[in-house]
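Visitor: Please find work-v6.txt (compact mmCIF, C-alpha atoms) on the next line:
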```txt
# COMPACT_ATOMS: atom_id res chain seq x y z
CA MET A 1 230.36 11.99 61.35
CA PRO A 2 230.66 12.16 65.16
CA THR A 3 232.55 9.47 67.02
CA SER A 4 230.77 7.30 69.57
CA ILE A 5 231.88 9.53 72.48
CA GLU A 6 230.65 12.64 70.66
CA ARG A 7 227.32 10.97 69.87
CA TRP A 8 226.92 9.92 73.53
CA ALA A 9 227.71 13.45 74.81
CA LEU A 10 225.41 15.12 72.28
CA ALA A 11 222.59 12.70 73.15
CA LYS A 12 222.96 13.60 76.84
CA LEU A 13 222.82 17.31 75.97
CA GLY A 14 219.71 16.88 73.85
CA LYS A 15 217.41 15.72 76.65
CA GLY A 16 214.82 18.24 77.74
CA ARG A 17 213.05 21.10 76.02
CA PHE A 18 215.72 23.75 76.63
CA MET A 19 218.67 21.48 76.01
CA GLY A 20 217.85 20.95 72.32
CA ARG A 21 219.32 24.37 71.56
CA VAL A 22 222.42 23.50 73.57
CA GLN A 23 222.79 20.31 71.53
CA GLU A 24 222.66 22.30 68.27
CA GLY A 25 225.38 24.65 69.50
CA ALA A 26 227.48 21.75 70.76
CA THR A 27 227.19 20.03 67.38
CA VAL A 28 228.44 23.15 65.60
CA MET A 29 231.26 23.48 68.14
CA VAL A 30 232.34 19.85 67.61
CA ASP A 31 232.33 20.34 63.83
CA GLN A 32 234.42 23.52 64.10
CA PHE A 33 236.84 21.84 66.51
CA ARG A 34 237.23 18.93 64.10
CA LYS A 35 238.00 21.35 61.23
CA LEU A 36 240.58 23.15 63.37
CA MET A 37 242.27 19.87 64.28
CA LYS A 38 242.54 18.99 60.58
CA ALA A 39 244.40 22.25 59.85
CA PRO A 40 247.69 22.02 61.79
CA LEU A 41 249.06 25.34 60.53
CA LEU A 42 245.93 27.20 61.59
CA LEU A 43 245.99 25.40 64.93
CA ALA A 44 249.64 26.36 65.46
CA TRP A 45 248.98 30.02 64.61
CA THR A 46 245.94 30.32 66.87
CA SER A 47 247.80 28.58 69.70
CA ALA A 48 250.81 30.88 69.30
CA LEU A 49 248.63 34.00 69.25
CA THR A 50 246.77 32.81 72.34
CA LEU A 51 250.06 32.20 74.14
CA ILE A 52 251.33 35.66 73.18
CA ASN A 53 248.07 37.19 74.41
CA PHE A 54 248.33 35.47 77.80
CA ILE A 55 251.97 36.58 78.16
CA ALA A 56 251.03 40.19 77.29
CA MET A 57 248.21 40.18 79.86
CA GLY A 58 250.63 38.74 82.43
CA ALA A 59 253.11 41.50 81.63
CA GLN A 60 250.32 44.02 82.21
CA LEU A 61 249.71 42.52 85.66
CA TRP A 62 253.46 42.58 86.32
CA LEU A 63 253.50 46.31 85.53
CA VAL A 64 250.50 46.87 87.82
CA MET A 65 252.36 45.10 90.63
CA LEU A 66 255.43 47.27 89.97
CA SER A 67 253.25 50.38 90.16
CA LEU A 68 252.12 49.17 93.59
CA ALA A 69 255.81 49.02 94.61
CA HIS A 70 255.85 45.23 94.82
CA ARG A 71 258.22 43.26 92.62
CA VAL A 72 257.07 39.80 91.54
CA PRO A 73 258.74 37.59 88.94
CA ILE A 74 257.18 37.93 85.50
CA THR A 75 256.52 34.18 85.51
CA GLN A 76 254.37 34.50 88.64
CA ALA A 77 252.45 37.41 87.12
CA VAL A 78 251.81 35.44 83.91
CA ALA A 79 250.80 32.32 85.87
CA ALA A 80 248.48 34.24 88.21
CA ASN A 81 246.86 36.19 85.40
CA SER A 82 246.47 33.16 83.12
CA THR A 83 244.93 31.08 85.89
CA SER A 84 242.49 33.84 86.79
CA GLN A 85 241.58 34.45 83.13
CA VAL A 86 240.79 30.78 82.55
CA ALA A 87 238.76 30.65 85.78
CA GLY A 88 236.84 33.76 84.70
CA ILE A 89 236.06 32.19 81.33
CA LEU A 90 234.95 28.92 82.89
CA SER A 91 232.69 30.74 85.35
CA THR A 92 230.59 32.04 82.40
CA LEU A 93 229.98 35.27 84.32
CA PRO A 94 230.19 38.46 82.24
CA PHE A 95 233.88 39.43 82.11
CA GLY A 96 234.48 36.77 84.80
CA ILE A 97 233.50 39.36 87.39
CA GLY A 98 234.17 38.14 90.90
CA SER A 99 235.55 34.71 90.10
CA GLN A 100 238.50 36.00 88.08
CA ASP A 101 239.37 38.51 90.78
CA ALA A 102 239.08 35.96 93.60
CA ILE A 103 241.34 33.50 91.79
CA LEU A 104 243.91 36.23 91.11
CA VAL A 105 244.00 37.12 94.82
CA THR A 106 244.17 33.43 95.79
CA VAL A 107 247.03 32.61 93.42
CA PHE A 108 249.01 35.67 94.51
CA ALA A 109 248.38 34.76 98.16
CA GLY A 110 249.95 31.39 97.38
CA TYR A 111 253.02 33.25 96.13
CA GLY A 112 253.25 35.19 99.41
CA VAL A 113 251.64 38.45 98.28
CA THR A 114 249.40 40.03 100.92
CA VAL A 115 245.67 39.81 100.31
CA SER A 116 245.27 43.60 100.38
CA LEU A 117 247.98 44.07 97.75
CA ALA A 118 246.61 41.27 95.57
CA ALA A 119 243.09 42.68 95.86
CA SER A 120 244.38 46.13 94.89
CA ALA A 121 246.07 44.58 91.85
CA ALA A 122 242.82 42.79 90.94
CA VAL A 123 240.86 46.06 91.13
CA LEU A 124 243.45 47.90 89.04
CA MET A 125 243.51 45.09 86.48
CA ARG A 126 239.74 45.24 86.30
CA ALA A 127 239.91 49.00 85.76
CA THR A 128 242.59 48.75 83.07
CA THR A 129 241.01 45.88 81.14
CA THR A 130 237.28 45.48 81.67
CA ILE A 131 236.25 49.13 81.70
CA PRO A 132 237.98 49.96 78.38
CA LEU A 133 236.60 46.76 76.82
CA ALA A 134 233.08 47.57 77.99
CA LEU A 135 233.32 51.14 76.68
CA ALA A 136 234.66 49.93 73.32
CA GLY A 137 231.84 47.40 73.11
CA LEU A 138 229.26 50.07 73.92
CA ALA A 139 230.74 52.41 71.31
CA ALA A 140 230.71 49.65 68.69
CA TYR A 141 227.11 48.80 69.54
CA LEU A 142 226.05 52.44 69.19
CA MET A 143 227.81 52.73 65.82
CA VAL A 144 226.14 49.68 64.32
CA GLU A 145 223.52 50.68 61.79
CA LYS A 146 220.13 49.58 62.94
CA PRO A 147 217.29 48.95 60.51
CA GLU A 148 214.69 51.67 60.35
CA ALA A 149 211.56 51.05 62.36
CA ARG A 150 208.60 50.20 60.18
CA PRO A 151 205.07 51.15 61.15
CA ALA A 152 202.88 48.36 62.45
CA MET A 153 200.39 46.87 60.04
CA GLU A 154 196.94 48.39 60.20
CA VAL A 155 194.04 46.13 61.05
CA GLU A 156 190.77 46.82 59.28
```
Starting from the file, give its structure as C-alpha cells.
Guide:
Amino acid sequence: MPTSIERWALAKLGKGRFMGRVQEGATVMVDQFRKLMKAPLLLAWTSALTLINFIAMGAQLWLVMLSLAHRVPITQAVAANSTSQVAGILSTLPFGIGSQDAILVTVFAGYGVTVSLAASAAVLMRATTTIPLALAGLAAYLMVEKPEARPAMEVE
C-alpha cells in the first residue's frame, strides 16, 4: 500500500492521456523499490556491485588519461567519470551522448585539465565504451530468434 507521499506523486503523474502509462510504470517502480528496501542483503550486494562498477569505469578513464600522457589521481578520474555517468543517465539521452561528455570535460576542467585534453579523453572513453556496447547490442538483437512471418488473412 503506497504511503501518502507516494499516492500524491502517483496522482500527479496520472493526469493526462499520455501520463497514465507513466503512472503505471512509476507504480511498478515504487513496488520494486519497496521490495529492494525490505531485503537488506540484496540491497548491500547491489550497492557494492554498483560501487565496484563505478570504480572500474573510473580506472578505465584513469588509464585513458595516462595514455594521453597526463597523470591525474585515480580519485579524480573516478569522481569525474561517476559524475558524468550519472549526468548521462539523468539526461535520458541514448548512452548519455553529449551530456555525459560535456560533464566529463567540465569536471576535468575544474581539476585543472585543459579542455582539449579533457575532450580528447571524452572522445576516447566514448570510443572504448559506447561503440563496443552498441555493437554487442546489435549482435544480440540479430541473434534473437524472431517469430516466423505469417501470411495475412484472406478476405472473401
Visitor: Could you tell me how far CA of Met29 in chain A sits from CA of Ala44 in chain A, in Å to one decimal place?
Guide: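 So the two atoms, CA of Ala44 in chain A and CA of Met29 in chain A, lie 18.8 Å apart.
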Visitor: Considering all atoms listed in the file, return as a PDB file with C-alpha atoms, in the frame of the given file whatever protein or nucleic-acid residues lie within 8 Å of range 80-93 of chain A, sequence-local ones (same chain, fewer than 4 positions apart) excluded.
Guide:
```
ATOM      1  CA  PHE A  54     248.330  35.470  77.800  1.00  0.00           C
ATOM      2  CA  MET A  57     248.210  40.180  79.860  1.00  0.00           C
ATOM      3  CA  GLY A  58     250.630  38.740  82.430  1.00  0.00           C
ATOM      4  CA  LEU A  61     249.710  42.520  85.660  1.00  0.00           C
ATOM      5  CA  GLN A  76     254.370  34.500  88.640  1.00  0.00           C
ATOM      6  CA  ILE A  97     233.500  39.360  87.390  1.00  0.00           C
ATOM      7  CA  SER A  99     235.550  34.710  90.100  1.00  0.00           C
ATOM      8  CA  GLN A 100     238.500  36.000  88.080  1.00  0.00           C
ATOM      9  CA  ASP A 101     239.370  38.510  90.780  1.00  0.00           C
ATOM     10  CA  ALA A 102     239.080  35.960  93.600  1.00  0.00           C
ATOM     11  CA  ILE A 103     241.340  33.500  91.790  1.00  0.00           C
ATOM     12  CA  LEU A 104     243.910  36.230  91.110  1.00  0.00           C
ATOM     13  CA  VAL A 107     247.030  32.610  93.420  1.00  0.00           C
ATOM     14  CA  PHE A 108     249.010  35.670  94.510  1.00  0.00           C
TER      15      PHE A 108
END
```
Visitor: So that I can check the surroundings of Ala119 in chain A, please list as a ChimeraX atom specification every protein, DNA and RNA residue that reaches within 8 Å of it, counting all atoms listed in the file and ignoring chain neighbours fewer than 4 positions away.
Guide: /A:101,105,115,123
Visitor: Can you tell me how far CA of Ala127 in chain A sits from CA of Val113 in chain A, in Å to one decimal?
Guide: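 Separation between CA of Ala127 in chain A and CA of Val113 in chain A: 20.1 Å.
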Visitor: What does the distance from CA of Lys35 in chain A to CA of Ala56 in chain A come to in Å, to one decimal?
Guide: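 For CA of Lys35 in chain A relative to CA of Ala56 in chain A, the distance reads 28.0 Å.
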Visitor: Given the point (249.7, 46.9, 92.5) in the coordinates of this file, which residues lie within 10 Å, counting all atoms listed in the file, and how would they look as a count of residues only?
Guide: 21
Visitor: As JSON, please report the centre and edge lengths, rounded to one decimal in Å, of the axis-aligned box that holds all listed atoms of range 76-87 of chain A with 3 Å of padding on each of the six sides.
Guide:
```
{"center_x": 246.6, "center_y": 34.0, "center_z": 85.6, "size_x": 21.6, "size_y": 12.8, "size_z": 12.1}
```
